[in-house]
$ cat start.pdb   # PDB, C-alpha atoms, pLDDT in the B column
ATOM      1  CA  MET U   1       0.000   0.000   0.000  1.00 68.00           C
ATOM      2  CA  ALA U   2       1.502   3.291  -1.072  1.00 85.00           C
ATOM      3  CA  ALA U   3       0.374   6.733  -0.066  1.00 87.00           C
ATOM      4  CA  VAL U   4       0.019   9.087  -3.007  1.00 87.00           C
ATOM      5  CA  SER U   5      -0.777  12.792  -3.151  1.00 87.00           C
ATOM      6  CA  SER U   6      -4.060  14.047  -4.450  1.00 87.00           C
ATOM      7  CA  THR U   7      -3.876  15.386  -7.981  1.00 87.00           C
ATOM      8  CA  TYR U   8      -7.491  16.536  -8.132  1.00 89.00           C
ATOM      9  CA  LYS U   9      -7.753  20.296  -8.619  1.00 90.00           C
ATOM     10  CA  ASP U  10     -11.513  20.556  -8.070  1.00 91.00           C
ATOM     11  CA  PRO U  11     -13.093  17.255  -7.001  1.00 90.00           C
ATOM     12  CA  SER U  12     -16.565  18.831  -7.052  1.00 91.00           C
ATOM     13  CA  ASP U  13     -16.390  18.753 -10.876  1.00 89.00           C
ATOM     14  CA  ASN U  14     -16.018  15.000 -11.258  1.00 87.00           C
ATOM     15  CA  PHE U  15     -16.802  13.251  -7.966  1.00 90.00           C
ATOM     16  CA  VAL U  16     -20.166  12.173  -6.601  1.00 89.00           C
ATOM     17  CA  TRP U  17     -21.322  10.269  -3.538  1.00 91.00           C
ATOM     18  CA  TRP U  18     -24.395   8.323  -2.645  1.00 89.00           C
ATOM     19  CA  ILE U  19     -25.602   5.912  -0.006  1.00 88.00           C
ATOM     20  CA  GLU U  20     -26.792   2.386  -0.557  1.00 85.00           C
ATOM     21  CA  GLY U  21     -27.800   0.448   2.538  1.00 83.00           C
ATOM     22  CA  ASP U  22     -25.028   0.883   5.092  1.00 86.00           C
ATOM     23  CA  LYS U  23     -22.371   1.708   2.523  1.00 88.00           C
ATOM     24  CA  LEU U  24     -21.157   4.984   1.121  1.00 90.00           C
ATOM     25  CA  ALA U  25     -20.164   5.082  -2.547  1.00 89.00           C
ATOM     26  CA  ILE U  26     -17.525   7.494  -3.815  1.00 91.00           C
ATOM     27  CA  ALA U  27     -17.376   7.558  -7.600  1.00 88.00           C
ATOM     28  CA  THR U  28     -15.726   9.703 -10.187  1.00 87.00           C
ATOM     29  CA  THR U  29     -15.806  10.336 -13.906  1.00 83.00           C
ATOM     30  CA  ASN U  30     -12.001  10.648 -13.937  1.00 81.00           C
ATOM     31  CA  GLY U  31     -10.310   7.407 -14.802  1.00 70.00           C
ATOM     32  CA  ASP U  32      -7.896   5.243 -16.665  1.00 62.00           C
ATOM     33  CA  GLY U  33     -10.068   4.907 -19.741  1.00 57.00           C
ATOM     34  CA  GLY U  34      -8.681   1.440 -20.367  1.00 56.00           C
ATOM     35  CA  THR U  35     -12.000  -0.296 -20.868  1.00 54.00           C
ATOM     36  CA  THR U  36     -15.469   0.696 -21.929  1.00 54.00           C
ATOM     37  CA  GLU U  37     -16.840   0.676 -18.398  1.00 57.00           C
ATOM     38  CA  THR U  38     -13.944   2.644 -16.968  1.00 56.00           C
ATOM     39  CA  GLY U  39     -13.764   5.142 -19.818  1.00 56.00           C
ATOM     40  CA  GLU U  40     -13.683   8.854 -19.155  1.00 57.00           C
ATOM     41  CA  GLY U  41     -17.131  10.196 -18.432  1.00 62.00           C
ATOM     42  CA  LYS U  42     -18.635   7.188 -16.722  1.00 72.00           C
ATOM     43  CA  LEU U  43     -18.935   6.851 -12.974  1.00 78.00           C
ATOM     44  CA  LYS U  44     -16.534   4.369 -11.455  1.00 81.00           C
ATOM     45  CA  ALA U  45     -14.343   3.801  -8.429  1.00 85.00           C
ATOM     46  CA  VAL U  46     -11.495   6.209  -7.807  1.00 87.00           C
ATOM     47  CA  GLN U  47      -8.424   5.587  -9.993  1.00 86.00           C
ATOM     48  CA  ILE U  48      -5.376   7.010  -8.233  1.00 84.00           C
ATOM     49  CA  GLY U  49      -2.544   4.749  -9.295  1.00 80.00           C
ATOM     50  CA  SER U  50      -2.151   1.031  -8.908  1.00 80.00           C
ATOM     51  CA  SER U  51      -3.634  -1.576  -6.599  1.00 82.00           C
ATOM     52  CA  GLY U  52      -3.239  -0.670  -2.929  1.00 84.00           C
ATOM     53  CA  ASP U  53      -2.531   3.027  -3.465  1.00 88.00           C
ATOM     54  CA  VAL U  54      -4.326   5.427  -1.153  1.00 90.00           C
ATOM     55  CA  ILE U  55      -4.699   9.153  -0.630  1.00 91.00           C
ATOM     56  CA  THR U  56      -4.208   9.400   3.125  1.00 90.00           C
ATOM     57  CA  SER U  57      -7.239  11.054   4.772  1.00 90.00           C
ATOM     58  CA  GLY U  58      -8.502  11.809   1.291  1.00 91.00           C
ATOM     59  CA  LEU U  59     -12.164  11.504   2.208  1.00 92.00           C
ATOM     60  CA  LEU U  60     -13.930  13.641   4.789  1.00 92.00           C
ATOM     61  CA  ILE U  61     -17.510  12.936   5.807  1.00 91.00           C
ATOM     62  CA  SER U  62     -19.810  15.017   7.990  1.00 90.00           C
ATOM     63  CA  TYR U  63     -22.585  13.087   9.656  1.00 88.00           C
ATOM     64  CA  ASN U  64     -25.161  12.893  12.374  1.00 84.00           C
ATOM     65  CA  ALA U  65     -23.755  10.481  14.911  1.00 82.00           C
ATOM     66  CA  GLU U  66     -25.099   8.270  17.617  1.00 80.00           C
ATOM     67  CA  PRO U  67     -23.797   9.337  21.049  1.00 83.00           C
ATOM     68  CA  ASP U  68     -21.199   7.044  22.628  1.00 83.00           C
ATOM     69  CA  LYS U  69     -22.419   4.290  24.910  1.00 86.00           C
ATOM     70  CA  LEU U  70     -22.232   4.833  28.672  1.00 88.00           C
ATOM     71  CA  SER U  71     -20.305   1.884  30.077  1.00 89.00           C
ATOM     72  CA  SER U  72     -19.826   3.002  33.678  1.00 90.00           C
ATOM     73  CA  ILE U  73     -21.987   5.045  36.050  1.00 90.00           C
ATOM     74  CA  THR U  74     -19.099   7.502  36.525  1.00 90.00           C
ATOM     75  CA  ASP U  75     -18.726   8.208  32.784  1.00 88.00           C
ATOM     76  CA  THR U  76     -19.704  11.570  31.360  1.00 88.00           C
ATOM     77  CA  LEU U  77     -22.531  11.610  28.863  1.00 85.00           C
ATOM     78  CA  ASP U  78     -21.632  12.106  25.224  1.00 82.00           C
ATOM     79  CA  ILE U  79     -24.353  14.639  24.420  1.00 81.00           C
ATOM     80  CA  ASP U  80     -24.673  18.379  24.347  1.00 78.00           C
ATOM     81  CA  ASN U  81     -25.323  20.065  27.705  1.00 78.00           C
ATOM     82  CA  SER U  82     -28.656  21.422  26.519  1.00 77.00           C
ATOM     83  CA  LEU U  83     -29.948  17.876  26.018  1.00 82.00           C
ATOM     84  CA  GLN U  84     -28.991  16.484  29.414  1.00 84.00           C
ATOM     85  CA  PRO U  85     -32.272  17.520  31.102  1.00 86.00           C
ATOM     86  CA  ALA U  86     -34.099  15.716  28.285  1.00 89.00           C
ATOM     87  CA  LEU U  87     -32.118  12.566  28.943  1.00 89.00           C
ATOM     88  CA  ILE U  88     -32.995  12.730  32.644  1.00 90.00           C
ATOM     89  CA  ASP U  89     -36.656  13.019  31.648  1.00 92.00           C
ATOM     90  CA  TYR U  90     -36.385   9.933  29.430  1.00 93.00           C
ATOM     91  CA  VAL U  91     -34.704   7.821  32.113  1.00 93.00           C
ATOM     92  CA  LYS U  92     -37.134   8.937  34.822  1.00 93.00           C
ATOM     93  CA  SER U  93     -40.064   8.266  32.530  1.00 94.00           C
ATOM     94  CA  LYS U  94     -39.034   4.690  31.778  1.00 94.00           C
ATOM     95  CA  ALA U  95     -38.112   4.004  35.413  1.00 94.00           C
ATOM     96  CA  LEU U  96     -41.474   5.339  36.630  1.00 93.00           C
ATOM     97  CA  MET U  97     -43.392   3.322  34.052  1.00 93.00           C
ATOM     98  CA  ASP U  98     -41.536   0.126  35.011  1.00 93.00           C
ATOM     99  CA  ALA U  99     -42.176   0.886  38.685  1.00 92.00           C
ATOM    100  CA  ALA U 100     -45.868   1.480  37.946  1.00 92.00           C
ATOM    101  CA  ALA U 101     -46.092  -1.890  36.245  1.00 91.00           C
ATOM    102  CA  SER U 102     -44.734  -3.666  39.323  1.00 88.00           C
ATOM    103  CA  ALA U 103     -46.655  -1.646  41.943  1.00 86.00           C
ATOM    104  CA  THR U 104     -49.194  -3.622  43.923  1.00 88.00           C
ATOM    105  CA  GLU U 105     -51.330  -0.644  44.987  1.00 91.00           C
ATOM    106  CA  PRO U 106     -53.423   0.758  42.132  1.00 91.00           C
ATOM    107  CA  ALA U 107     -53.218   4.341  43.448  1.00 93.00           C
ATOM    108  CA  ILE U 108     -49.400   4.292  43.514  1.00 91.00           C
ATOM    109  CA  ALA U 109     -49.295   2.678  40.086  1.00 92.00           C
ATOM    110  CA  GLN U 110     -51.534   5.425  38.717  1.00 94.00           C
ATOM    111  CA  ILE U 111     -49.422   8.225  40.198  1.00 93.00           C
ATOM    112  CA  ARG U 112     -46.212   6.715  38.840  1.00 92.00           C
ATOM    113  CA  MET U 113     -47.731   6.188  35.421  1.00 94.00           C
ATOM    114  CA  ALA U 114     -48.941   9.780  35.264  1.00 95.00           C
ATOM    115  CA  SER U 115     -45.524  11.074  36.355  1.00 93.00           C
ATOM    116  CA  GLY U 116     -43.829   8.843  33.804  1.00 94.00           C
ATOM    117  CA  GLN U 117     -46.049  10.119  31.018  1.00 94.00           C
ATOM    118  CA  GLN U 118     -45.342  13.713  32.021  1.00 95.00           C
ATOM    119  CA  CYS U 119     -41.591  13.047  31.918  1.00 93.00           C
ATOM    120  CA  MET U 120     -41.946  11.422  28.481  1.00 93.00           C
ATOM    121  CA  ALA U 121     -43.916  14.434  27.225  1.00 93.00           C
ATOM    122  CA  ASN U 122     -41.115  16.724  28.458  1.00 92.00           C
ATOM    123  CA  TYR U 123     -38.555  14.542  26.705  1.00 91.00           C
ATOM    124  CA  LYS U 124     -40.442  14.581  23.415  1.00 89.00           C
ATOM    125  CA  GLU U 125     -40.800  18.325  23.522  1.00 86.00           C
ATOM    126  CA  SER U 126     -37.108  18.830  24.318  1.00 83.00           C
ATOM    127  CA  VAL U 127     -35.642  16.456  21.757  1.00 81.00           C
ATOM    128  CA  ARG U 128     -38.130  15.854  18.998  1.00 70.00           C
ATOM    129  CA  ARG U 129     -39.489  19.371  18.676  1.00 66.00           C
ATOM    130  CA  PHE U 130     -36.755  21.668  19.961  1.00 63.00           C
ATOM    131  CA  GLY U 131     -33.589  19.552  20.122  1.00 61.00           C
ATOM    132  CA  MET U 132     -32.038  21.058  17.024  1.00 58.00           C
ATOM    133  CA  LYS U 133     -32.881  24.625  17.983  1.00 57.00           C
ATOM    134  CA  LYS U 134     -31.515  24.298  21.486  1.00 54.00           C
ATOM    135  CA  ASN U 135     -28.405  22.689  20.062  1.00 53.00           C
ATOM    136  CA  ASP U 136     -27.817  25.408  17.467  1.00 54.00           C
ATOM    137  CA  LYS U 137     -24.736  27.267  18.537  1.00 53.00           C
ATOM    138  CA  THR U 138     -24.558  29.680  15.639  1.00 48.00           C
ATOM    139  CA  GLY U 139     -25.102  33.305  16.558  1.00 48.00           C
ATOM    140  CA  GLY U 140     -27.541  35.759  15.146  1.00 48.00           C
ATOM    141  CA  THR U 141     -30.517  37.815  16.104  1.00 50.00           C
ATOM    142  CA  ARG U 142     -32.472  36.245  18.943  1.00 53.00           C
ATOM    143  CA  ALA U 143     -35.311  38.769  19.022  1.00 56.00           C
ATOM    144  CA  VAL U 144     -36.495  41.603  16.866  1.00 58.00           C
ATOM    145  CA  VAL U 145     -38.007  44.628  18.527  1.00 60.00           C
ATOM    146  CA  PRO U 146     -40.397  46.309  16.100  1.00 63.00           C
ATOM    147  CA  ALA U 147     -40.171  50.038  15.708  1.00 67.00           C
ATOM    148  CA  ASN U 148     -42.706  52.139  17.497  1.00 67.00           C
ATOM    149  CA  LEU U 149     -44.792  53.578  14.674  1.00 61.00           C
ATOM    150  CA  ARG U 150     -46.962  55.877  16.755  1.00 60.00           C
TER     151      ARG U 150
ATOM    152  CA  MET S   1     -16.614  29.073  33.000  1.00 49.00           C
ATOM    153  CA  ALA S   2     -16.336  25.362  32.545  1.00 55.00           C
ATOM    154  CA  ALA S   3     -19.143  23.497  30.858  1.00 67.00           C
ATOM    155  CA  ILE S   4     -21.553  21.705  33.154  1.00 74.00           C
ATOM    156  CA  GLU S   5     -21.333  18.014  32.425  1.00 77.00           C
ATOM    157  CA  PHE S   6     -23.487  15.300  33.868  1.00 79.00           C
ATOM    158  CA  SER S   7     -22.153  11.882  34.643  1.00 86.00           C
ATOM    159  CA  GLY S   8     -24.243   8.764  35.027  1.00 88.00           C
ATOM    160  CA  LYS S   9     -24.032   9.243  38.815  1.00 90.00           C
ATOM    161  CA  GLU S  10     -26.019  12.494  38.724  1.00 88.00           C
ATOM    162  CA  ILE S  11     -28.744  10.952  36.612  1.00 89.00           C
ATOM    163  CA  TYR S  12     -28.829   7.945  38.908  1.00 91.00           C
ATOM    164  CA  SER S  13     -29.350  10.216  41.928  1.00 91.00           C
ATOM    165  CA  ARG S  14     -32.218  11.997  40.128  1.00 88.00           C
ATOM    166  CA  VAL S  15     -33.892   8.701  39.307  1.00 89.00           C
ATOM    167  CA  LEU S  16     -33.526   7.519  42.888  1.00 90.00           C
ATOM    168  CA  GLN S  17     -35.633  10.492  44.004  1.00 89.00           C
ATOM    169  CA  ALA S  18     -38.469   9.355  41.756  1.00 85.00           C
ATOM    170  CA  VAL S  19     -38.060   5.601  42.048  1.00 87.00           C
ATOM    171  CA  PRO S  20     -36.133   4.528  45.161  1.00 87.00           C
ATOM    172  CA  GLY S  21     -34.231   1.273  45.067  1.00 87.00           C
ATOM    173  CA  VAL S  22     -33.394   0.959  41.368  1.00 90.00           C
ATOM    174  CA  SER S  23     -29.964  -0.451  40.562  1.00 92.00           C
ATOM    175  CA  GLU S  24     -27.100   1.392  38.851  1.00 92.00           C
ATOM    176  CA  ASN S  25     -27.007  -1.175  36.071  1.00 93.00           C
ATOM    177  CA  TYR S  26     -30.703  -0.662  35.358  1.00 93.00           C
ATOM    178  CA  VAL S  27     -30.166   3.106  35.078  1.00 93.00           C
ATOM    179  CA  ILE S  28     -27.124   2.632  32.795  1.00 94.00           C
ATOM    180  CA  ASN S  29     -29.301   0.514  30.495  1.00 94.00           C
ATOM    181  CA  LEU S  30     -31.984   3.208  30.444  1.00 94.00           C
ATOM    182  CA  ILE S  31     -29.400   5.928  29.752  1.00 93.00           C
ATOM    183  CA  ASN S  32     -28.054   3.941  26.787  1.00 92.00           C
ATOM    184  CA  GLU S  33     -31.600   3.414  25.538  1.00 93.00           C
ATOM    185  CA  ALA S  34     -32.131   7.191  25.745  1.00 91.00           C
ATOM    186  CA  LEU S  35     -28.866   7.849  23.881  1.00 88.00           C
ATOM    187  CA  VAL S  36     -29.950   5.502  21.068  1.00 86.00           C
ATOM    188  CA  ASP S  37     -33.315   7.252  20.863  1.00 87.00           C
ATOM    189  CA  MET S  38     -31.649  10.682  20.826  1.00 84.00           C
ATOM    190  CA  GLY S  39     -29.313   9.499  18.089  1.00 79.00           C
ATOM    191  CA  LYS S  40     -32.294   9.241  15.739  1.00 78.00           C
ATOM    192  CA  TYR S  41     -32.504  13.022  15.741  1.00 76.00           C
ATOM    193  CA  SER S  42     -29.961  15.559  14.597  1.00 73.00           C
ATOM    194  CA  VAL S  43     -28.494  16.131  18.010  1.00 72.00           C
ATOM    195  CA  GLN S  44     -24.870  15.214  17.427  1.00 76.00           C
ATOM    196  CA  MET S  45     -22.861  16.250  14.391  1.00 80.00           C
ATOM    197  CA  GLU S  46     -19.399  14.865  13.827  1.00 84.00           C
ATOM    198  CA  TRP S  47     -16.893  14.434  11.059  1.00 88.00           C
ATOM    199  CA  ALA S  48     -14.383  11.748  10.173  1.00 89.00           C
ATOM    200  CA  LYS S  49     -11.575  11.231   7.695  1.00 91.00           C
ATOM    201  CA  THR S  50     -10.546   8.068   5.947  1.00 90.00           C
ATOM    202  CA  ASN S  51      -8.185   7.054   3.161  1.00 91.00           C
ATOM    203  CA  LEU S  52      -9.376   7.265  -0.410  1.00 91.00           C
ATOM    204  CA  VAL S  53      -8.437   3.868  -1.808  1.00 91.00           C
ATOM    205  CA  HIS S  54      -7.593   3.026  -5.407  1.00 89.00           C
ATOM    206  CA  ASN S  55     -10.392   1.189  -7.177  1.00 86.00           C
ATOM    207  CA  GLN S  56     -12.614   1.092  -4.059  1.00 89.00           C
ATOM    208  CA  LEU S  57     -16.155   2.224  -4.652  1.00 87.00           C
ATOM    209  CA  TRP S  58     -17.821   1.314  -1.345  1.00 90.00           C
ATOM    210  CA  TYR S  59     -16.929   2.522   2.131  1.00 90.00           C
ATOM    211  CA  GLY S  60     -18.655   0.795   5.050  1.00 87.00           C
ATOM    212  CA  LEU S  61     -20.811   2.723   7.502  1.00 84.00           C
ATOM    213  CA  ASP S  62     -22.242  -0.115   9.587  1.00 80.00           C
ATOM    214  CA  ASP S  63     -22.421   0.106  13.367  1.00 75.00           C
ATOM    215  CA  ASN S  64     -19.482  -2.184  14.192  1.00 72.00           C
ATOM    216  CA  ARG S  65     -16.937   0.435  13.082  1.00 72.00           C
ATOM    217  CA  ASP S  66     -15.016   3.062  15.026  1.00 74.00           C
ATOM    218  CA  ILE S  67     -17.729   5.609  14.367  1.00 77.00           C
ATOM    219  CA  THR S  68     -21.503   5.237  14.468  1.00 79.00           C
ATOM    220  CA  VAL S  69     -23.031   7.078  11.554  1.00 83.00           C
ATOM    221  CA  ASN S  70     -26.744   7.730  11.456  1.00 82.00           C
ATOM    222  CA  LYS S  71     -26.923  10.062   8.492  1.00 85.00           C
ATOM    223  CA  VAL S  72     -24.201  11.317   6.184  1.00 89.00           C
ATOM    224  CA  PHE S  73     -24.977  14.817   4.979  1.00 89.00           C
ATOM    225  CA  LYS S  74     -21.735  16.027   3.441  1.00 91.00           C
ATOM    226  CA  CYS S  75     -18.733  14.443   1.690  1.00 93.00           C
ATOM    227  CA  SER S  76     -15.518  16.183   0.729  1.00 94.00           C
ATOM    228  CA  ILE S  77     -12.426  15.064  -1.199  1.00 94.00           C
ATOM    229  CA  LEU S  78      -8.871  16.263  -0.626  1.00 93.00           C
ATOM    230  CA  ASN S  79      -7.572  18.283  -3.551  1.00 92.00           C
ATOM    231  CA  SER S  80      -4.018  18.971  -4.727  1.00 91.00           C
ATOM    232  CA  SER S  81      -3.803  22.100  -2.550  1.00 92.00           C
ATOM    233  CA  GLY S  82      -4.602  20.193   0.625  1.00 91.00           C
ATOM    234  CA  GLU S  83      -8.158  21.518   0.880  1.00 93.00           C
ATOM    235  CA  TYR S  84     -11.299  19.473   1.302  1.00 94.00           C
ATOM    236  CA  ILE S  85     -13.745  20.234  -1.508  1.00 93.00           C
ATOM    237  CA  ARG S  86     -17.379  19.306  -1.050  1.00 94.00           C
ATOM    238  CA  ILE S  87     -18.687  16.931  -3.719  1.00 93.00           C
ATOM    239  CA  PRO S  88     -22.302  16.630  -4.866  1.00 91.00           C
ATOM    240  CA  ARG S  89     -24.620  13.845  -3.808  1.00 90.00           C
ATOM    241  CA  LEU S  90     -25.933  11.690  -6.627  1.00 84.00           C
ATOM    242  CA  LEU S  91     -29.671  11.561  -6.196  1.00 76.00           C
ATOM    243  CA  ASN S  92     -30.517   9.407  -9.199  1.00 63.00           C
ATOM    244  CA  GLN S  93     -29.094   6.057  -8.147  1.00 56.00           C
ATOM    245  CA  ASP S  94     -30.179   4.292 -11.303  1.00 58.00           C
ATOM    246  CA  ILE S  95     -26.655   3.564 -12.479  1.00 59.00           C
ATOM    247  CA  LYS S  96     -24.860   0.430 -13.558  1.00 54.00           C
ATOM    248  CA  ILE S  97     -22.628   0.001 -10.535  1.00 55.00           C
ATOM    249  CA  THR S  98     -24.337  -1.353  -7.417  1.00 52.00           C
ATOM    250  CA  ASP S  99     -23.277  -3.053  -4.232  1.00 53.00           C
ATOM    251  CA  THR S 100     -23.410  -6.819  -4.669  1.00 52.00           C
ATOM    252  CA  GLU S 101     -21.762  -7.844  -1.376  1.00 48.00           C
TER     253      GLU S 101
END

$ encode --input "start.pdb" --output "structure tokens"
Amino acid sequence: MAAVSSTYKDPSDNFVWWIEGDKLAIATTNGDGGTTETGEGKLKAVQIGSSGDVITSGLLISYNAEPDKLSSITDTLDIDNSLQPALIDYVKSKALMDAAASATEPAIAQIRMASGQQCMANYKESVRRFGMKKNDKTGGTRAVVPANLR
Amino acid sequence: MAAIEFSGKEIYSRVLQAVPGVSENYVINLINEALVDMGKYSVQMEWAKTNLVHNQLWYGLDDNRDITVNKVFKCSILNSSGEYIRIPRLLNQDIKITDTE
């Protein structure tokens, strides 16, 4: 395997990407032109030299990720600070619902179930409706005060 | 001012107030369940680099890799000046080359 330098001046002219299943395809119209299917102008795999050649760190992807797993109770959570209250709501909700299911007194079960549903409603509002907005760290105008036209 | 960061311990203590007697392991499982659920939304954006390999069309994104990707929204290729140039996404996937693995 040999590392080679990139010779592409503007990859946006002749590269494309797409997703199929759990695989990312990177294809280009640049090529060796040796056969009909690999001729210039048709999409094919990257041709950068010979077998085993690579452009080191030649591909950069930006993606929405899944937070890292918590393996110990002392670990720090891998989510933005603004979402930590939402996570507490989710955990409390599930714990209360499980506790309601195992409660022997109907009144206690009902209270726990109601509390659990309230926590789940808070979670949904925080993450599903406003998660992106709360997580948006770009600046800009937060409020516009209209001019007094009187 | 340093960022306020919660550990699993703090969440465990909050849950204990609502449901006394639950175990740490149970709460860890619930926290991980919450993290998976949160991962379905655009709450965590990251980026990663990998080698561009000769004659390799497909790059794996499945969950058993170093990174867990839920949705790729941008791809860039290194150019001859050392800059990453964004490349377009092909929306019409009706092309000859497909994944047969």

$ closest_residue --input "start.pdb" --among "U:Ala65, U:Ile55, U:Leu60, U:Leu77" --to "Lys49 (chain S)" --atoms "all atoms listed in the file"
U:Leu60

$ closest_residue --input "start.pdb" --among "U:Val4, U:Leu87, U:Met113, U:Leu70" --to "Asn79 (chain S)" --atoms "all atoms listed in the file"
U:Val4

$ interface_residues --input "start.pdb" --of "chain S" --to "chain U" --cutoff "7 Å" --atoms "only C-alpha atoms" --output "CSV table (one decimal) with C-alpha atoms, keeping the file's coordinate frame"
chain,number,residue,atom,x,y,z
S,4,ILE,CA,-21.6,21.7,33.2
S,5,GLU,CA,-21.3,18.0,32.4
S,6,PHE,CA,-23.5,15.3,33.9
S,7,SER,CA,-22.2,11.9,34.6
S,8,GLY,CA,-24.2,8.8,35.0
S,9,LYS,CA,-24.0,9.2,38.8
S,11,ILE,CA,-28.7,11.0,36.6
S,15,VAL,CA,-33.9,8.7,39.3
S,19,VAL,CA,-38.1,5.6,42.0
S,24,GLU,CA,-27.1,1.4,38.9
S,28,ILE,CA,-27.1,2.6,32.8
S,30,LEU,CA,-32.0,3.2,30.4
S,31,ILE,CA,-29.4,5.9,29.8
S,32,ASN,CA,-28.1,3.9,26.8
S,34,ALA,CA,-32.1,7.2,25.7
S,35,LEU,CA,-28.9,7.8,23.9
S,36,VAL,CA,-30.0,5.5,21.1
S,39,GLY,CA,-29.3,9.5,18.1
S,42,SER,CA,-30.0,15.6,14.6
S,43,VAL,CA,-28.5,16.1,18.0
S,44,GLN,CA,-24.9,15.2,17.4
S,45,MET,CA,-22.9,16.2,14.4
S,46,GLU,CA,-19.4,14.9,13.8
S,47,TRP,CA,-16.9,14.4,11.1
S,48,ALA,CA,-14.4,11.7,10.2
S,49,LYS,CA,-11.6,11.2,7.7
S,50,THR,CA,-10.5,8.1,5.9
S,51,ASN,CA,-8.2,7.1,3.2
S,52,LEU,CA,-9.4,7.3,-0.4
S,53,VAL,CA,-8.4,3.9,-1.8
S,54,HIS,CA,-7.6,3.0,-5.4
S,55,ASN,CA,-10.4,1.2,-7.2
S,56,GLN,CA,-12.6,1.1,-4.1
S,57,LEU,CA,-16.2,2.2,-4.7
S,58,TRP,CA,-17.8,1.3,-1.3
S,59,TYR,CA,-16.9,2.5,2.1
S,60,GLY,CA,-18.7,0.8,5.0
S,61,LEU,CA,-20.8,2.7,7.5
S,62,ASP,CA,-22.2,-0.1,9.6
S,68,THR,CA,-21.5,5.2,14.5
S,69,VAL,CA,-23.0,7.1,11.6
S,70,ASN,CA,-26.7,7.7,11.5
S,71,LYS,CA,-26.9,10.1,8.5
S,72,VAL,CA,-24.2,11.3,6.2
S,73,PHE,CA,-25.0,14.8,5.0
S,74,LYS,CA,-21.7,16.0,3.4
S,75,CYS,CA,-18.7,14.4,1.7
S,76,SER,CA,-15.5,16.2,0.7
S,77,ILE,CA,-12.4,15.1,-1.2
S,78,LEU,CA,-8.9,16.3,-0.6
S,79,ASN,CA,-7.6,18.3,-3.6
S,80,SER,CA,-4.0,19.0,-4.7
S,85,ILE,CA,-13.7,20.2,-1.5
S,86,ARG,CA,-17.4,19.3,-1.0
S,87,ILE,CA,-18.7,16.9,-3.7
S,88,PRO,CA,-22.3,16.6,-4.9
S,89,ARG,CA,-24.6,13.8,-3.8
S,90,LEU,CA,-25.9,11.7,-6.6

$ atom_distance --input "start.pdb" --atom1 "CA of Pro106 (chain U)" --atom2 "CA of Met120 (chain U)"
20.8 Å

$ atom_distance --input "start.pdb" --atom1 "CA of Gln118 (chain U)" --atom2 "CA of Arg14 (chain S)"
15.5 Å

$ atom_distance --input "start.pdb" --atom1 "CA of Glu10 (chain S)" --atom2 "CA of Asp66 (chain S)"
27.8 Å

$ axis_aligned_box --input "start.pdb" --around "region 61-77 of chain S" --padding-each-side "3 Å" --output "lines of an AutoDock Vina configuration file"
center_x = -19.7
center_y = 7.0
center_z = 6.9
size_x = 20.5
size_y = 24.4
size_z = 22.2
